[in-house]
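Novice: Could you have a look at this structure, given as structure tokens, before my questions?
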Amino acid sequence: MRRRAQPWLGTLVEVTIADPLGDAEVGLAFDAAFAGIAEIHRLMSYHDMASNPGSDVTRINRAAVGTSIAIHSHTAQVMRTALMMHVVTAGVFDICCASKLVEWGYLPAVDGALPEYISGPAALVMEGECQLRKNGKVWVDLGGIAKGYAVDIAIAALREMGIRSACVNAGGDLRAYGDIAYPVLIRDPRSRLVAGFCTELKNAALATSGSYFTQKQVRDQTCSALIDGRNGSPIIKQISASVLAPSCMLADALTKVVLASGNPTLEILQQFDATAFII
């Protein structure tokens with residue numbers, strides 16, 4: 001197996017390739033996978049507002065209410081999935097959470113006054129193939145779904161390059177394909193150094209979320225970087241939630257829903273051919 005890693009989307013992304021192709025061909029495959037991830041970072045990373053003011057997320061957040069914004073097809077696909085997830089999870093999954101994360105010091109502020117947190121799909125509406133209408137004063141953060149989508153894009157690039165088997169791991173969001181079963185260690189939420197669960201991943205995606213390492217006190221309130229979209233409250237359970245799904249984008253989003261509920265047998269998982277477990 002050959003491995004390479006690069007920092008993208010606020011984490012270290014590792015690509016593992018298991019293929020007898022020569023170094024030149026495998027090198028091109030690595031380049032294609034990381035190029036796909038870099039494009040998702042450029043389009044959807046919240047943190048690069050200053051250096052990348054033309055990103056879709058930055059333009060959405062800076063747009064005035066009532067504006068229609070042209071977005072990239074990748075961003076459109078993520079937005080459609082995110083808005084759909086908001087509806088089917090009864091508001092638990094919510095990308096309009098950035099104002100809360102700014103208030104608690106997890107994200108930098110966008111230009112202008114901090115908007116009041118508003119939950120609900122009506123604030124953002126897809127119009128046509130790649131057009132988004134902003135109906136409410138909200139700030140968007142795609143961090144709860146874009147990383148999984150980036151993994152899917154990298155996997156698609158590796159397949160297109162003819163790689164027989166590979167695994168992409170973006171900070172605990174993984175997807176693998178081919179004949180190889182890739183070992184996965186999931187951290188114990190009660191310890192930074194202990195593996196709480198060991199498994200193997202083959203022809204599937206697996207994502208894990210937990211708030212235990214991001215919790216902090218803000219004005220006498222325990223906060224975290226994960227939010228329950230029903231009421232804007234921080235998710236502060238001392239557990240981790242892992243979801244196995246056909247795509248990493250779905251697995252990434254569903255981990256937040258399982259984590260908020262504390263229930264790994266939610267009926268919604270069946271809708272997406274997904275399963276979950278909690279540590």
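Just remember, in the structure tokens the first chain shown is A, the second B, etc., residues are 1-based per chain, and ligands are 1-based in the order shown.
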Please list as a PyMOL selection string every residue within 8 Å of region 152-155 of chain A, counting only C-alpha atoms and excluding residues in the same chain fewer than 4 positions away.

Specialist: chain A and resi 32-34+36-37+148+159+166-168+175-176+247-249

Novice: Taking the backbone alone, and naming residues the way the document does, which bits of region 25-209 of chain A are strand (DSSP E or B) by DSSP, as an MDAnalysis selection string?

Specialist: chainID A and resid 68:70 124:126 131:134 165:170 173:177 182:187 195:201 204:209

Novice: As an MDAnalysis selection string, please: the residues near region 47-54 of chain A (cut-off 12 Å, only C-alpha atoms, same-chain neighbours under 5 positions excluded).

Specialist: chainID A and resid 8:10 39 41:42 59:63 69:72 98 101:102 106:111 140:143

Novice: Out of A:Val243, A:Ala123, A:Ala205, A:Ala90, which residue has the shortest atom-to-atom distance to Thr67 (chain A) when counting only C-alpha atoms?

Specialist: A:Ala123

Novice: Mind pulling up the distance from CA of Thr89 (chain A) to CA of Asn263 (chain A)?

Specialist: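 CA of Thr89 (chain A) lies 13.1 Å from CA of Asn263 (chain A).
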
Novice: Of the candidates A:Glu127, A:Asp94, A:Asp173, A:Asp31, which shows the shortest atom-to-atom distance to Trp139 (chain A), using only C-alpha atoms?

Specialist: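 Closest residue, counting only C-alpha atoms: A:Asp94.
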
Novice: Nearest residue to Thr81 (chain A) out of A:Ala253, A:Asp23, A:Leu206, A:Gly105, using only C-alpha atoms?

Specialist: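 Among the listed residues, the smallest separation from Thr81 (chain A) belongs to A:Ala253.
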
Novice: Pick the closest to Val13 (chain A) from A:Val87, A:Val65, A:Val151, A:Ile40: which is it, counting only C-alpha atoms?

Specialist: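 The closest residue to Val13 (chain A) is A:Val151.
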
Novice: Give me, as a PyMOL selection string, all polymer residues having an atom no more than 9 Å from region 178-183 of chain A, counting only C-alpha atoms and skipping those fewer than 4 positions away in the same chain.

Specialist: chain A and resi 18+163-167+198-203

Novice: Would you save the residues from that selection as a CSV table (one decimal), in the first residue's frame, using C-alpha atoms?

Specialist:
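Full text of again.csv as output:
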```
chain,number,residue,atom,x,y,z
A,18,ALA,CA,-3.6,-0.6,-2.9
A,163,ILE,CA,-7.2,2.5,-9.1
A,164,ARG,CA,-8.4,-0.9,-8.0
A,165,SER,CA,-8.6,-0.3,-4.3
A,166,ALA,CA,-8.2,2.8,-2.1
A,167,CYS,CA,-9.3,4.4,1.1
A,198,CYS,CA,-11.7,-1.5,16.1
A,199,THR,CA,-13.3,-2.5,12.8
A,200,GLU,CA,-12.6,-2.9,9.0
A,201,LEU,CA,-14.0,-0.9,6.1
A,202,LYS,CA,-14.7,-2.3,2.7
A,203,ASN,CA,-16.8,-0.8,-0.1
```

Novice: Name the closest residue to Pro7 (chain A) among the candidates A:Asn169, A:Gln238, A:Asn231, A:Gln221; distances are taken between atoms, counting only C-alpha atoms.

Specialist: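 So, comparing all the options, the nearest one is A:Asn169.
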
Novice: Going by DSSP on the backbone, which bits of region 26-247 of chain A are alpha helix (DSSP H)? Write them as number ranges by chain, please.

Specialist: A: 26-44, 56-62, 73-88, 98-103, 146-160

Novice: For the atom pair CA of Ser242 (chain A) and CA of Ala207 (chain A), what is the interatomic distance in Å to one decimal place?

Specialist: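 Those two atoms sit 5.5 Å apart.
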
Novice: Which residues are near Val125 (chain A)? Cut-off 12 Å, only C-alpha atoms, ignore same chain within fewer than 2 positions. Put them as a PDB file with N, CA and C atoms, in the first residue's frame.

Specialist:
```
ATOM      1  N   ILE A  60     -22.243  33.340  -0.094  1.00  0.00           N
ATOM      2  CA  ILE A  60     -23.567  33.110   0.499  1.00  0.00           C
ATOM      3  C   ILE A  60     -23.701  33.901   1.798  1.00  0.00           C
ATOM      4  N   VAL A  65     -30.127  39.585   2.127  1.00  0.00           N
ATOM      5  CA  VAL A  65     -31.378  38.829   2.106  1.00  0.00           C
ATOM      6  C   VAL A  65     -32.143  39.164   0.829  1.00  0.00           C
ATOM      7  N   GLY A  66     -32.671  38.134   0.181  1.00  0.00           N
ATOM      8  CA  GLY A  66     -33.387  38.315  -1.077  1.00  0.00           C
ATOM      9  C   GLY A  66     -32.524  38.113  -2.302  1.00  0.00           C
ATOM     10  N   THR A  67     -31.224  37.896  -2.087  1.00  0.00           N
ATOM     11  CA  THR A  67     -30.287  37.720  -3.193  1.00  0.00           C
ATOM     12  C   THR A  67     -30.345  36.300  -3.729  1.00  0.00           C
ATOM     13  N   SER A  68     -30.178  36.161  -5.037  1.00  0.00           N
ATOM     14  CA  SER A  68     -30.026  34.863  -5.683  1.00  0.00           C
ATOM     15  C   SER A  68     -28.560  34.702  -6.065  1.00  0.00           C
ATOM     16  N   ILE A  69     -27.938  33.616  -5.616  1.00  0.00           N
ATOM     17  CA  ILE A  69     -26.492  33.435  -5.753  1.00  0.00           C
ATOM     18  C   ILE A  69     -26.194  32.242  -6.646  1.00  0.00           C
ATOM     19  N   ALA A  76     -23.873  23.070  -5.007  1.00  0.00           N
ATOM     20  CA  ALA A  76     -25.310  22.847  -5.180  1.00  0.00           C
ATOM     21  C   ALA A  76     -25.713  21.456  -4.701  1.00  0.00           C
ATOM     22  N   MET A  79     -25.595  21.506  -0.918  1.00  0.00           N
ATOM     23  CA  MET A  79     -26.695  22.308  -0.388  1.00  0.00           C
ATOM     24  C   MET A  79     -28.014  21.553  -0.475  1.00  0.00           C
ATOM     25  N   ARG A  80     -28.272  20.903  -1.593  1.00  0.00           N
ATOM     26  CA  ARG A  80     -29.520  20.142  -1.729  1.00  0.00           C
ATOM     27  C   ARG A  80     -29.607  19.051  -0.673  1.00  0.00           C
ATOM     28  N   THR A  81     -28.507  18.342  -0.484  1.00  0.00           N
ATOM     29  CA  THR A  81     -28.503  17.279   0.517  1.00  0.00           C
ATOM     30  C   THR A  81     -28.683  17.852   1.912  1.00  0.00           C
ATOM     31  N   ALA A  82     -28.008  18.955   2.205  1.00  0.00           N
ATOM     32  CA  ALA A  82     -28.104  19.562   3.535  1.00  0.00           C
ATOM     33  C   ALA A  82     -29.518  20.052   3.825  1.00  0.00           C
ATOM     34  N   LEU A  83     -30.152  20.696   2.857  1.00  0.00           N
ATOM     35  CA  LEU A  83     -31.511  21.197   3.059  1.00  0.00           C
ATOM     36  C   LEU A  83     -32.501  20.045   3.185  1.00  0.00           C
ATOM     37  N   MET A  84     -32.283  18.981   2.416  1.00  0.00           N
ATOM     38  CA  MET A  84     -33.119  17.794   2.551  1.00  0.00           C
ATOM     39  C   MET A  84     -32.949  17.159   3.918  1.00  0.00           C
ATOM     40  N   GLY A 120     -34.222  26.647  10.101  1.00  0.00           N
ATOM     41  CA  GLY A 120     -35.328  26.395   9.185  1.00  0.00           C
ATOM     42  C   GLY A 120     -34.899  26.435   7.739  1.00  0.00           C
ATOM     43  N   PRO A 121     -35.441  25.533   6.909  1.00  0.00           N
ATOM     44  CA  PRO A 121     -35.039  25.466   5.505  1.00  0.00           C
ATOM     45  C   PRO A 121     -35.501  26.653   4.683  1.00  0.00           C
ATOM     46  N   ALA A 122     -36.481  27.425   5.167  1.00  0.00           N
ATOM     47  CA  ALA A 122     -37.001  28.546   4.381  1.00  0.00           C
ATOM     48  C   ALA A 122     -35.965  29.646   4.186  1.00  0.00           C
ATOM     49  N   ALA A 123     -34.935  29.692   5.033  1.00  0.00           N
ATOM     50  CA  ALA A 123     -33.918  30.738   4.915  1.00  0.00           C
ATOM     51  C   ALA A 123     -33.088  30.584   3.651  1.00  0.00           C
ATOM     52  N   GLU A 127     -32.902  27.293  -6.305  1.00  0.00           N
ATOM     53  CA  GLU A 127     -33.690  27.713  -7.461  1.00  0.00           C
ATOM     54  C   GLU A 127     -32.970  27.233  -8.715  1.00  0.00           C
ATOM     55  N   GLY A 128     -33.479  26.206  -9.337  1.00  0.00           N
ATOM     56  CA  GLY A 128     -32.812  25.691 -10.515  1.00  0.00           C
ATOM     57  C   GLY A 128     -31.604  24.850 -10.155  1.00  0.00           C
ATOM     58  N   GLU A 129     -30.771  24.592 -11.153  1.00  0.00           N
ATOM     59  CA  GLU A 129     -29.662  23.650 -10.996  1.00  0.00           C
ATOM     60  C   GLU A 129     -28.598  24.149 -10.031  1.00  0.00           C
ATOM     61  N   CYS A 130     -28.123  25.369 -10.224  1.00  0.00           N
ATOM     62  CA  CYS A 130     -27.004  25.888  -9.430  1.00  0.00           C
ATOM     63  C   CYS A 130     -27.269  27.313  -8.961  1.00  0.00           C
ATOM     64  N   GLN A 131     -28.465  27.557  -8.507  1.00  0.00           N
ATOM     65  CA  GLN A 131     -28.835  28.887  -8.047  1.00  0.00           C
ATOM     66  C   GLN A 131     -29.464  28.769  -6.662  1.00  0.00           C
ATOM     67  N   LEU A 132     -28.958  29.548  -5.713  1.00  0.00           N
ATOM     68  CA  LEU A 132     -29.444  29.518  -4.335  1.00  0.00           C
ATOM     69  C   LEU A 132     -30.028  30.879  -3.975  1.00  0.00           C
ATOM     70  N   ARG A 133     -31.222  30.871  -3.401  1.00  0.00           N
ATOM     71  CA  ARG A 133     -31.842  32.117  -2.953  1.00  0.00           C
ATOM     72  C   ARG A 133     -31.744  32.216  -1.441  1.00  0.00           C
ATOM     73  N   LYS A 134     -31.295  33.371  -0.965  1.00  0.00           N
ATOM     74  CA  LYS A 134     -31.140  33.614   0.466  1.00  0.00           C
ATOM     75  C   LYS A 134     -32.330  34.432   0.959  1.00  0.00           C
ATOM     76  N   ASN A 135     -33.215  33.777   1.691  1.00  0.00           N
ATOM     77  CA  ASN A 135     -34.449  34.418   2.153  1.00  0.00           C
ATOM     78  C   ASN A 135     -34.376  34.925   3.590  1.00  0.00           C
ATOM     79  N   GLY A 136     -33.311  34.581   4.299  1.00  0.00           N
ATOM     80  CA  GLY A 136     -33.188  35.009   5.688  1.00  0.00           C
ATOM     81  C   GLY A 136     -31.771  35.421   6.011  1.00  0.00           C
TER      82      GLY A 136
END
```

Novice: Which residue out of A:Gly232, A:Leu269, A:Gly91, A:Ala35 has the minimum interatomic distance to Ala156 (chain A) when only C-alpha atoms are used?

Specialist: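 Closest to Ala156 (chain A), using only C-alpha atoms: A:Ala35.
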
Novice: Just give me the gap between CA of Ala241 (chain A) and CA of Leu12 (chain A) in Å, one decimal is fine.

Specialist: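 So the two atoms, CA of Ala241 (chain A) and CA of Leu12 (chain A), lie 20.1 Å apart.
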